[in-house]
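Asker: Supplied structure: work-v2.tsv, TSV, C-alpha atoms and all ligand atoms.
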chain	number	residue	atom	x	y	z
A	10	MET	CA	-31.57	-15.97	-14.20
A	11	SER	CA	-28.00	-15.37	-15.37
A	12	ARG	CA	-27.57	-13.12	-18.34
A	13	VAL	CA	-25.58	-13.94	-21.44
A	14	ALA	CA	-23.75	-11.58	-23.79
A	15	TYR	CA	-22.38	-12.12	-27.27
A	16	VAL	CA	-18.81	-10.80	-27.51
A	17	ASP	CA	-16.80	-11.09	-30.69
A	18	GLY	CA	-18.01	-14.51	-31.74
A	19	ARG	CA	-18.85	-16.10	-28.38
A	20	TYR	CA	-21.76	-16.25	-25.98
A	21	VAL	CA	-20.39	-15.64	-22.49
A	22	PRO	CA	-21.89	-15.06	-19.04
A	23	HIS	CA	-22.70	-11.36	-18.78
A	24	SER	CA	-20.59	-10.99	-15.64
A	25	LEU	CA	-17.54	-12.30	-17.53
A	26	ALA	CA	-18.14	-10.38	-20.77
A	27	VAL	CA	-15.11	-8.16	-21.43
A	28	VAL	CA	-13.41	-6.33	-24.25
A	29	HIS	CA	-9.72	-5.50	-24.56
A	30	ILE	CA	-8.36	-2.30	-22.97
A	31	GLU	CA	-7.12	-1.23	-26.39
A	32	ASP	CA	-10.48	-1.67	-28.05
A	33	ARG	CA	-10.89	1.59	-29.97
A	34	GLY	CA	-14.43	1.93	-28.70
A	35	TYR	CA	-12.98	2.21	-25.20
A	36	GLN	CA	-10.13	4.55	-26.09
A	37	PHE	CA	-11.61	6.72	-28.87
A	38	ALA	CA	-15.37	6.05	-28.84
A	39	ASP	CA	-14.56	4.67	-32.30
A	40	GLY	CA	-17.71	2.66	-32.81
A	41	VAL	CA	-21.44	2.67	-33.38
A	42	TYR	CA	-24.46	1.04	-31.82
A	43	GLU	CA	-28.14	0.27	-32.17
A	44	VAL	CA	-30.89	-0.31	-29.62
A	45	LEU	CA	-33.84	-2.37	-30.87
A	46	ALA	CA	-37.09	-2.96	-29.07
A	47	VAL	CA	-38.32	-6.50	-28.43
A	48	VAL	CA	-42.08	-6.96	-28.09
A	49	ASN	CA	-43.53	-10.43	-27.47
A	50	GLY	CA	-40.15	-11.85	-28.38
A	51	HIS	CA	-40.08	-10.09	-31.76
A	52	ILE	CA	-37.68	-7.40	-32.83
A	53	ILE	CA	-39.46	-4.20	-33.87
A	54	ASP	CA	-38.47	-2.43	-37.09
A	55	GLU	CA	-35.37	-4.58	-37.51
A	56	GLU	CA	-34.77	-3.62	-41.14
A	57	PRO	CA	-34.54	0.15	-40.65
A	58	HIS	CA	-32.25	-0.43	-37.67
A	59	LEU	CA	-29.97	-2.58	-39.84
A	60	VAL	CA	-30.04	0.04	-42.60
A	61	ARG	CA	-29.07	2.73	-40.09
A	62	LEU	CA	-26.32	0.52	-38.64
A	63	ALA	CA	-24.85	-0.07	-42.10
A	64	ARG	CA	-24.97	3.66	-42.79
A	65	SER	CA	-23.30	4.60	-39.48
A	66	LEU	CA	-20.57	2.02	-40.12
A	67	SER	CA	-19.97	3.15	-43.69
A	68	GLN	CA	-19.74	6.79	-42.61
A	69	LEU	CA	-16.93	5.80	-40.25
A	70	ARG	CA	-15.42	3.33	-42.73
A	71	ILE	CA	-15.81	0.41	-40.35
A	72	VAL	CA	-16.50	-2.89	-42.06
A	73	GLN	CA	-19.61	-4.63	-40.74
A	74	PRO	CA	-18.14	-7.68	-38.98
A	75	VAL	CA	-20.94	-10.09	-39.88
A	76	SER	CA	-23.67	-10.11	-42.52
A	77	ASP	CA	-27.17	-8.86	-41.75
A	78	ALA	CA	-28.37	-12.47	-41.83
A	79	ALA	CA	-25.76	-13.49	-39.22
A	80	LEU	CA	-26.54	-10.43	-37.13
A	81	LYS	CA	-30.21	-11.38	-37.09
A	82	ILE	CA	-29.30	-14.86	-35.88
A	83	VAL	CA	-27.03	-13.49	-33.14
A	84	MET	CA	-29.69	-11.03	-31.96
A	85	ARG	CA	-32.35	-13.77	-31.83
A	86	GLU	CA	-30.04	-16.14	-30.01
A	87	THR	CA	-29.08	-13.44	-27.50
A	88	ILE	CA	-32.76	-12.66	-26.95
A	89	ARG	CA	-33.51	-16.37	-26.52
A	90	ARG	CA	-30.65	-17.03	-24.11
A	91	ASN	CA	-31.72	-14.08	-21.97
A	92	ARG	CA	-35.39	-15.06	-22.15
A	93	VAL	CA	-36.43	-11.59	-23.23
A	94	ASP	CA	-40.09	-11.26	-24.19
A	95	ASP	CA	-40.34	-7.53	-23.79
A	96	GLY	CA	-37.14	-5.60	-23.64
A	97	ILE	CA	-34.30	-4.37	-25.74
A	98	VAL	CA	-31.42	-5.77	-27.69
A	99	TYR	CA	-28.27	-3.65	-27.78
A	100	LEU	CA	-25.60	-4.10	-30.40
A	101	GLN	CA	-22.31	-2.34	-30.73
A	102	VAL	CA	-19.57	-2.48	-33.34
A	103	THR	CA	-16.19	-0.90	-32.71
A	104	ARG	CA	-13.28	-0.58	-35.11
A	105	GLY	CA	-11.48	-3.21	-33.06
A	106	VAL	CA	-8.37	-3.68	-30.95
A	107	ALA	CA	-5.08	-2.03	-31.90
A	108	PRO	CA	-2.14	-0.20	-30.29
A	109	ARG	CA	-3.35	3.29	-29.44
A	110	ASP	CA	-2.94	5.59	-32.43
A	111	HIS	CA	-5.51	8.05	-33.73
A	112	ALA	CA	-5.33	7.03	-37.39
A	113	PHE	CA	-7.19	3.88	-38.45
A	114	PRO	CA	-5.21	0.72	-37.70
A	115	ARG	CA	-4.35	-1.40	-40.73
A	116	LEU	CA	-5.12	-4.74	-39.18
A	117	ALA	CA	-7.83	-4.29	-36.55
A	118	LYS	CA	-10.85	-6.54	-36.84
A	119	PRO	CA	-14.18	-4.89	-35.91
A	120	VAL	CA	-15.61	-6.18	-32.63
A	121	LEU	CA	-19.32	-6.97	-32.30
A	122	VAL	CA	-21.04	-7.05	-28.91
A	123	VAL	CA	-24.72	-7.92	-28.48
A	124	THR	CA	-26.69	-7.88	-25.22
A	125	ALA	CA	-30.38	-8.21	-24.47
A	126	ARG	CA	-32.38	-7.42	-21.42
A	127	ARG	CA	-35.91	-7.35	-20.15
A	128	LYS	CA	-37.10	-3.86	-19.58
A	129	ARG	CA	-39.08	-1.44	-21.65
A	130	ALA	CA	-42.57	-1.34	-20.21
A	131	ILE	CA	-42.36	2.16	-18.87
A	132	ASP	CA	-44.80	3.03	-16.13
A	133	PRO	CA	-48.07	3.88	-17.97
A	134	ARG	CA	-48.54	6.77	-15.54
A	135	ILE	CA	-45.56	8.47	-17.17
A	136	ALA	CA	-47.35	8.43	-20.51
A	137	ASP	CA	-50.61	9.48	-18.84
A	138	ASP	CA	-49.07	12.39	-16.99
A	139	GLY	CA	-46.51	13.43	-19.59
A	140	VAL	CA	-42.95	14.45	-18.85
A	141	ALA	CA	-40.95	17.63	-18.32
A	142	VAL	CA	-37.98	18.66	-20.44
A	143	ILE	CA	-35.38	21.35	-20.00
A	144	THR	CA	-33.48	23.06	-22.81
A	145	ILE	CA	-29.68	23.09	-22.96
A	146	PRO	CA	-27.11	24.20	-25.54
A	147	ASP	CA	-26.27	21.51	-28.09
A	148	ILE	CA	-22.53	21.05	-27.59
A	149	ARG	CA	-22.19	17.96	-29.81
A	150	TRP	CA	-20.23	17.44	-33.03
A	151	ARG	CA	-21.66	18.02	-36.49
A	152	ARG	CA	-22.36	14.39	-37.36
A	153	CYS	CA	-25.19	13.58	-34.98
A	154	ASP	CA	-26.73	11.52	-37.79
A	155	ILE	CA	-24.15	8.80	-37.03
A	156	LYS	CA	-25.23	6.63	-34.11
A	157	SER	CA	-21.79	6.69	-32.55
A	158	VAL	CA	-20.97	5.52	-29.04
A	159	ALA	CA	-19.46	8.99	-28.36
A	160	LEU	CA	-22.29	10.04	-26.09
A	161	LEU	CA	-20.61	12.24	-23.51
A	162	PRO	CA	-22.57	15.44	-24.31
A	163	ASN	CA	-25.75	13.34	-24.21
A	164	VAL	CA	-24.73	11.89	-20.85
A	165	LEU	CA	-24.05	15.35	-19.43
A	166	GLY	CA	-27.34	16.64	-20.80
A	167	LYS	CA	-29.39	13.79	-19.36
A	168	GLN	CA	-27.73	14.32	-15.99
A	169	LEU	CA	-28.64	18.03	-16.10
A	170	ALA	CA	-32.23	17.05	-16.84
A	171	LYS	CA	-32.25	14.62	-13.94
A	172	GLU	CA	-30.82	17.19	-11.56
A	173	ALA	CA	-33.49	19.67	-12.72
A	174	GLY	CA	-36.21	17.12	-11.98
A	175	ALA	CA	-36.94	16.72	-15.69
A	176	TYR	CA	-37.10	13.61	-17.86
A	177	GLU	CA	-35.10	14.79	-20.83
A	178	ALA	CA	-33.03	17.72	-22.08
A	179	TRP	CA	-33.80	19.20	-25.48
A	180	GLN	CA	-30.60	20.39	-27.09
A	181	VAL	CA	-30.65	23.77	-28.77
A	182	ASP	CA	-28.47	24.95	-31.67
A	183	GLN	CA	-26.97	28.41	-32.22
A	184	GLU	CA	-30.11	29.60	-34.00
A	185	ASP	CA	-32.10	28.82	-30.87
A	186	CYS	CA	-33.72	25.85	-32.59
A	187	VAL	CA	-34.22	22.50	-30.89
A	188	THR	CA	-32.16	19.74	-32.46
A	189	GLU	CA	-33.29	16.73	-30.39
A	190	GLY	CA	-33.24	15.23	-26.92
A	191	THR	CA	-30.19	13.48	-25.48
A	192	SER	CA	-31.64	10.10	-26.44
A	193	THR	CA	-34.93	11.02	-28.11
A	194	ASN	CA	-36.31	12.98	-31.05
A	195	ALA	CA	-38.30	16.15	-30.35
A	196	TRP	CA	-41.71	17.07	-31.75
A	197	ILE	CA	-44.30	19.82	-31.33
A	198	VAL	CA	-47.86	20.38	-32.51
A	199	THR	CA	-48.56	24.00	-33.41
A	200	ALA	CA	-51.70	25.89	-32.38
A	201	GLU	CA	-52.96	25.23	-35.93
A	202	GLY	CA	-52.53	21.48	-35.42
A	203	THR	CA	-49.45	20.98	-37.58
A	204	VAL	CA	-47.01	18.33	-36.41
A	205	VAL	CA	-43.46	19.68	-36.57
A	206	THR	CA	-40.18	17.83	-36.12
A	207	ARG	CA	-36.73	18.69	-37.30
A	208	GLN	CA	-35.82	17.27	-40.71
A	209	ALA	CA	-33.27	14.46	-40.92
A	210	GLY	CA	-29.76	15.78	-41.45
A	211	ASN	CA	-26.43	16.02	-39.67
A	212	ALA	CA	-27.94	17.78	-36.64
A	213	ILE	CA	-30.05	14.85	-35.43
A	214	LEU	CA	-30.16	11.11	-35.26
A	215	ASN	CA	-32.85	9.95	-37.64
A	216	GLY	CA	-34.75	7.92	-35.06
A	217	ILE	CA	-36.41	4.69	-36.09
A	218	VAL	CA	-39.45	5.61	-33.98
A	219	ARG	CA	-39.32	9.06	-35.61
A	220	LEU	CA	-39.64	7.36	-39.01
A	221	ALA	CA	-42.49	5.13	-37.83
A	222	VAL	CA	-44.37	8.08	-36.31
A	223	LEU	CA	-43.85	10.14	-39.48
A	224	ASP	CA	-45.48	7.29	-41.41
A	225	ILE	CA	-48.40	7.27	-38.99
A	226	VAL	CA	-48.83	11.05	-39.19
A	227	ARG	CA	-48.92	10.86	-43.01
A	228	ARG	CA	-51.22	7.86	-43.04
A	229	GLU	CA	-53.66	9.60	-40.68
A	230	ASN	CA	-53.51	12.72	-42.86
A	231	TYR	CA	-52.38	15.14	-40.20
A	232	SER	CA	-50.66	18.29	-41.32
A	233	LEU	CA	-46.89	17.78	-41.07
A	234	VAL	CA	-43.75	19.84	-41.60
A	235	GLU	CA	-40.20	18.62	-41.09
A	236	ARG	CA	-38.25	21.73	-40.13
A	237	PRO	CA	-36.36	23.21	-37.19
A	238	PHE	CA	-38.47	24.89	-34.48
A	239	THR	CA	-37.33	27.41	-31.89
A	240	VAL	CA	-37.54	27.01	-28.13
A	241	ARG	CA	-40.01	29.88	-28.10
A	242	GLU	CA	-42.21	28.12	-30.63
A	243	ALA	CA	-42.04	24.93	-28.58
A	244	LYS	CA	-43.15	26.77	-25.45
A	245	ALA	CA	-46.05	28.29	-27.36
A	246	ALA	CA	-47.04	24.97	-28.98
A	247	SER	CA	-50.32	23.29	-28.18
A	248	GLU	CA	-48.60	19.93	-27.69
A	249	ALA	CA	-45.13	18.47	-27.59
A	250	PHE	CA	-43.79	14.97	-27.41
A	251	LEU	CA	-40.64	12.89	-27.72
A	252	THR	CA	-39.91	9.56	-29.36
A	253	SER	CA	-37.36	6.78	-28.95
A	254	THR	CA	-37.05	3.02	-29.03
A	255	THR	CA	-36.90	2.74	-25.25
A	256	LEU	CA	-39.70	5.24	-24.51
A	257	ASP	CA	-41.99	4.86	-27.55
A	258	LEU	CA	-43.82	8.21	-27.65
A	259	LEU	CA	-44.14	10.31	-24.51
A	260	PRO	CA	-46.09	13.56	-24.23
A	261	VAL	CA	-44.04	16.55	-23.05
A	262	VAL	CA	-46.07	18.76	-20.73
A	263	ARG	CA	-43.46	21.23	-19.44
A	264	ILE	CA	-40.50	22.92	-21.08
A	265	ASP	CA	-38.11	24.73	-18.73
A	266	GLY	CA	-40.88	24.69	-16.11
A	267	GLU	CA	-43.46	26.31	-18.41
A	268	PRO	CA	-46.59	24.32	-19.27
A	269	VAL	CA	-47.04	23.24	-22.88
A	270	GLY	CA	-50.62	23.91	-24.01
A	271	SER	CA	-52.95	22.90	-21.20
A	272	GLY	CA	-50.08	21.37	-19.25
A	273	MET	CA	-51.61	17.94	-19.88
A	274	PRO	CA	-50.81	15.42	-22.64
A	275	GLY	CA	-52.55	16.62	-25.77
A	276	PRO	CA	-55.04	14.61	-27.87
A	277	LEU	CA	-52.76	14.25	-30.88
A	278	SER	CA	-49.85	13.01	-28.76
A	279	ARG	CA	-52.14	10.42	-27.18
A	280	LYS	CA	-53.52	9.34	-30.53
A	281	LEU	CA	-50.06	9.01	-32.10
A	282	ARG	CA	-48.82	7.10	-29.07
A	283	ASP	CA	-51.74	4.66	-29.38
A	284	CYS	CA	-51.07	4.22	-33.10
A	285	TYR	CA	-47.39	3.61	-32.44
A	286	LEU	CA	-48.20	0.98	-29.81
A	287	VAL	CA	-50.51	-0.73	-32.32
A	288	HIS	CA	-47.59	-0.68	-34.78
A	289	THR	CA	-45.26	-2.41	-32.28
A	290	ALA	CA	-47.96	-4.86	-31.15
A	291	ALA	CA	-48.67	-5.82	-34.77
A	292	ALA	CA	-44.98	-6.48	-35.38
A	293	GLY	CA	-44.67	-8.40	-32.14
B	301	LIG	C1	-29.57	11.36	-29.82
B	301	LIG	C2	-30.72	10.47	-30.11
B	301	LIG	N1	-31.75	10.94	-30.82
B	301	LIG	C3	-32.82	10.18	-31.10
B	301	LIG	C4	-32.90	8.88	-30.64
B	301	LIG	C5	-34.12	8.06	-30.96
B	301	LIG	O1	-33.78	7.09	-31.91
B	301	LIG	P1	-34.63	5.75	-32.04
B	301	LIG	O2	-36.03	6.17	-32.34
B	301	LIG	O3	-33.98	5.04	-33.19
B	301	LIG	O4	-34.51	5.02	-30.75
B	301	LIG	C6	-31.87	8.35	-29.89
B	301	LIG	C7	-31.93	6.97	-29.42
B	301	LIG	O5	-31.05	6.48	-28.76
B	301	LIG	C8	-30.73	9.16	-29.63
B	301	LIG	O6	-29.70	8.68	-28.92
Using structure tokens, write down the structure from this file.

Answerer:
Amino acid sequence: MSRVAYVDGRYVPHSLAVVHIEDRGYQFADGVYEVLAVVNGHIIDEEPHLVRLARSLSQLRIVQPVSDAALKIVMRETIRRNRVDDGIVYLQVTRGVAPRDHAFPRLAKPVLVVTARRKRAIDPRIADDGVAVITIPDIRWRRCDIKSVALLPNVLGKQLAKEAGAYEAWQVDQEDCVTEGTSTNAWIVTAEGTVVTRQAGNAILNGIVRLAVLDIVRRENYSLVERPFTVREAKAASEAFLTSTTLDLLPVVRIDGEPVGSGMPGPLSRKLRDCYLVHTAAAG
């Protein structure tokens, strides 16, 4: 089946979908994006994604090129044209095309690109076995709350993880505290059973799955603290896990080669994963 992309007002064959060489996303990473999960043809947690998109755009003073209502139509149409039942929809907004100059161009029109693809369903064995993470210095800028397409440190970090035989790299700030993964939020469960994840702020992307899992943790009445945690604390934790739109919730069983807790996915991680899957199934 041939794929279709939405590029700046048109649906075009994916293989022919192009943007201009002076698109500021290409030259300056001057743009933002969202990745939304599609389950049974339905978009999961669309509203919080749109809220985050609007926030990222406003922080960079990029005008949203189409209304939320139009964006919803474009996403649905892109999903339909690509026959995605379970997968992801990717949307990106850049400041637009203009002669290369660092300062904002006066006349550029923001460019919207939307793609959708079948995917998601990660091998259930990965969730059953849990994954390994390594820790690396967080070399990113101080506005990680903006979902910008400037992902080079994240790319380098994920590659380091891959080369180390790990699934993800947890980035660590100058206080030796974990900020987040390269494309995931980081969580631990202390020996006392308290769920800990770093509070929203400039140091992390406030993940949409993070928000959904926080709701579940509160609803189920587990003890919860949003605060930074050190690498040492993570290694001594009874459980650890990561969250993201593409991975849902995955138990972390090794950090820098050292087992977390029993070295097997912990009961709370499993329970929260199950609850999160119920949440996505209900929406789908
Ligand atoms: C740096 C970073 N942190 C966290 C996340 C998880 O965010 P979400 O739950 O919205 O997918 C992502 C997702 O891409 C990310 O890139």

Asker: Excluding A:Phe250 and residues on its chain fewer than 6 positions from it, collect all residues at most 10 Å away from it, counting only C-alpha atoms, and give them as a ChimeraX atom specification.

Answerer: /A:139-142,193-198,206,258-262,269,274-275,277-279,281-282

Asker: Since we have the selection now, will you write its residues out, keeping C-alpha atoms, as an mmCIF file, in the coordinates of the input?

Answerer:
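Heads up, here's the output in out19.cif:
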data_model
loop_
_atom_site.group_PDB
_atom_site.id
_atom_site.type_symbol
_atom_site.label_atom_id
_atom_site.label_comp_id
_atom_site.auth_asym_id
_atom_site.auth_seq_id
_atom_site.Cartn_x
_atom_site.Cartn_y
_atom_site.Cartn_z
ATOM 1 C CA GLY A 139 -46.510 13.430 -19.590
ATOM 2 C CA VAL A 140 -42.950 14.450 -18.850
ATOM 3 C CA ALA A 141 -40.950 17.630 -18.320
ATOM 4 C CA VAL A 142 -37.980 18.660 -20.440
ATOM 5 C CA THR A 193 -34.930 11.020 -28.110
ATOM 6 C CA ASN A 194 -36.310 12.980 -31.050
ATOM 7 C CA ALA A 195 -38.300 16.150 -30.350
ATOM 8 C CA TRP A 196 -41.710 17.070 -31.750
ATOM 9 C CA ILE A 197 -44.300 19.820 -31.330
ATOM 10 C CA VAL A 198 -47.860 20.380 -32.510
ATOM 11 C CA THR A 206 -40.180 17.830 -36.120
ATOM 12 C CA LEU A 258 -43.820 8.210 -27.650
ATOM 13 C CA LEU A 259 -44.140 10.310 -24.510
ATOM 14 C CA PRO A 260 -46.090 13.560 -24.230
ATOM 15 C CA VAL A 261 -44.040 16.550 -23.050
ATOM 16 C CA VAL A 262 -46.070 18.760 -20.730
ATOM 17 C CA VAL A 269 -47.040 23.240 -22.880
ATOM 18 C CA PRO A 274 -50.810 15.420 -22.640
ATOM 19 C CA GLY A 275 -52.550 16.620 -25.770
ATOM 20 C CA LEU A 277 -52.760 14.250 -30.880
ATOM 21 C CA SER A 278 -49.850 13.010 -28.760
ATOM 22 C CA ARG A 279 -52.140 10.420 -27.180
ATOM 23 C CA LEU A 281 -50.060 9.010 -32.100
ATOM 24 C CA ARG A 282 -48.820 7.100 -29.070
#

Asker: Dump the neighbourhood of ligand LIG 301 (chain B) as a ChimeraX atom specification: all residues within 8 Å, distances computed on all atoms listed in the file.

Answerer: /A:43-45,58,153,156,163,189-194,213-220,252-255,257

Asker: Which residue is closest to A:Gly266? Choose from A:His111, A:Lys244, A:Lys171, A:Arg127 and count all atoms listed in the file.

Answerer: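 Once distances to A:Gly266 are computed over all atoms listed in the file, the minimum belongs to A:Lys244.
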
Asker: Could you work out how far atom CA of A:Leu256 lies from atom CA of A:Tyr20, giving the answer in Å with one decimal?

Answerer: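 Computing the Euclidean distance for atom CA of A:Tyr20 and atom CA of A:Leu256 yields 28.0 Å.
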
Asker: With 12 Å as the threshold, what does the neighbourhood of (-37.6, 22.0, -36.9) contain in terms of residues, counting all atoms listed in the file? Coordinates are those of the file; answer as an MDAnalysis selection string.

Answerer: chainID A and resid 181:182 184:189 194:199 203:210 212:213 233:240 242:243

Asker: Restricting the calculation to only C-alpha atoms: of A:Pro146, A:Gly50, A:Gly166, A:Gly40, which residue gets closest to A:Ser67?

Answerer: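 Closest to A:Ser67 of all the choices is A:Gly40.
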
Asker: Expressed in Å to a single decimal, how great is the separation between atom CA of A:Tyr231 and atom CA of A:Leu251?

Answerer: 17.3 Å

Asker: So that I can check the surroundings of A:Arg33, please list as a list in words every protein, DNA and RNA residue that reaches within 6 Å of it, counting all atoms listed in the file and ignoring chain neighbours fewer than 4 positions away.

Answerer: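 Once the adjacent positions are removed, what remains is Phe37, Asp39, Gly105 and Val106 of chain A.
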
Asker: Which residue gives the smallest distance to A:Glu229 among A:Arg241, A:Tyr285, A:Lys118, A:Gln183, with all atoms listed in the file counted?

Answerer: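 Checking each candidate against A:Glu229, we get A:Tyr285 as the closest.
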
Asker: Considering only C-alpha atoms, can you say which of A:Ala221, A:Val158, A:Ser24, A:Asp17 comes closest to A:Val123?

Answerer: A:Asp17

Asker: Which of these residues is nearest to A:Gln180, using only C-alpha atoms: A:Ile264, A:Asp283, A:Lys128, A:Asp110?

Answerer: A:Ile264

Asker: Just want the 10 Å neighbourhood of A:Lys167, counted on all atoms listed in the file, with same-chain residues fewer than 2 positions away dropped. Output as a PDB file with C-alpha atoms, in the coordinates of the input.

Answerer:
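The new file out07.pdb reads:
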ATOM      1  CA  VAL A 142     -37.980  18.660 -20.440  1.00  0.00           C
ATOM      2  CA  ILE A 143     -35.380  21.350 -20.000  1.00  0.00           C
ATOM      3  CA  ILE A 145     -29.680  23.090 -22.960  1.00  0.00           C
ATOM      4  CA  LEU A 161     -20.610  12.240 -23.510  1.00  0.00           C
ATOM      5  CA  PRO A 162     -22.570  15.440 -24.310  1.00  0.00           C
ATOM      6  CA  ASN A 163     -25.750  13.340 -24.210  1.00  0.00           C
ATOM      7  CA  VAL A 164     -24.730  11.890 -20.850  1.00  0.00           C
ATOM      8  CA  LEU A 165     -24.050  15.350 -19.430  1.00  0.00           C
ATOM      9  CA  LEU A 169     -28.640  18.030 -16.100  1.00  0.00           C
ATOM     10  CA  ALA A 170     -32.230  17.050 -16.840  1.00  0.00           C
ATOM     11  CA  LYS A 171     -32.250  14.620 -13.940  1.00  0.00           C
ATOM     12  CA  GLU A 172     -30.820  17.190 -11.560  1.00  0.00           C
ATOM     13  CA  ALA A 173     -33.490  19.670 -12.720  1.00  0.00           C
ATOM     14  CA  ALA A 175     -36.940  16.720 -15.690  1.00  0.00           C
ATOM     15  CA  TYR A 176     -37.100  13.610 -17.860  1.00  0.00           C
ATOM     16  CA  GLU A 177     -35.100  14.790 -20.830  1.00  0.00           C
ATOM     17  CA  ALA A 178     -33.030  17.720 -22.080  1.00  0.00           C
ATOM     18  CA  TRP A 179     -33.800  19.200 -25.480  1.00  0.00           C
ATOM     19  CA  GLY A 190     -33.240  15.230 -26.920  1.00  0.00           C
ATOM     20  CA  THR A 191     -30.190  13.480 -25.480  1.00  0.00           C
ATOM     21  CA  SER A 192     -31.640  10.100 -26.440  1.00  0.00           C
TER      22      SER A 192
END

Asker: Using only C-alpha atoms, pick whichever of A:Ala249, A:Leu25, A:Ala291, A:Ile52 has the shortest atom-to-atom distance to A:Asp95.

Answerer: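 Closest to A:Asp95 of all the choices is A:Ile52.
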
Asker: Tell me, in Å to one decimal, how far atom CA of A:Glu55 is from atom CA of A:Arg126.

Answerer: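 Answer for the atom CA of A:Glu55 to atom CA of A:Arg126 separation: 16.6 Å.
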
Asker: What's around stretch 12-16 of chain A at 6 Å? Count only C-alpha atoms, leave out sequence neighbours fewer than 2 positions away in its own chain, and write the answer as a CSV table (one decimal) with C-alpha atoms, keeping the file's coordinate frame.

Answerer:
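So out.csv came out as:
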chain,number,residue,atom,x,y,z
A,18,GLY,CA,-18.0,-14.5,-31.7
A,19,ARG,CA,-18.8,-16.1,-28.4
A,20,TYR,CA,-21.8,-16.2,-26.0
A,21,VAL,CA,-20.4,-15.6,-22.5
A,22,PRO,CA,-21.9,-15.1,-19.0
A,23,HIS,CA,-22.7,-11.4,-18.8
A,91,ASN,CA,-31.7,-14.1,-22.0
A,122,VAL,CA,-21.0,-7.0,-28.9
A,123,VAL,CA,-24.7,-7.9,-28.5
A,124,THR,CA,-26.7,-7.9,-25.2

Asker: Provide an axis-aligned box for all listed atoms of stretch 129-140 of chain A, padding each side by 3 Å; report its centre and its edge lengths in Å to one decimal, as JSON.

Answerer:
{"center_x": -44.8, "center_y": 6.5, "center_z": -18.6, "size_x": 17.5, "size_y": 21.9, "size_z": 12.1}

Asker: Which residues are close to A:Val102, i.e. within 6 Å by all atoms listed in the file, leaving aside same-chain residues fewer than 4 positions away? Reply as a list in words.

Answerer: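 With the cut-off at 6 Å, the set is Gly40, Val41, Val120 and Leu121 of chain A.
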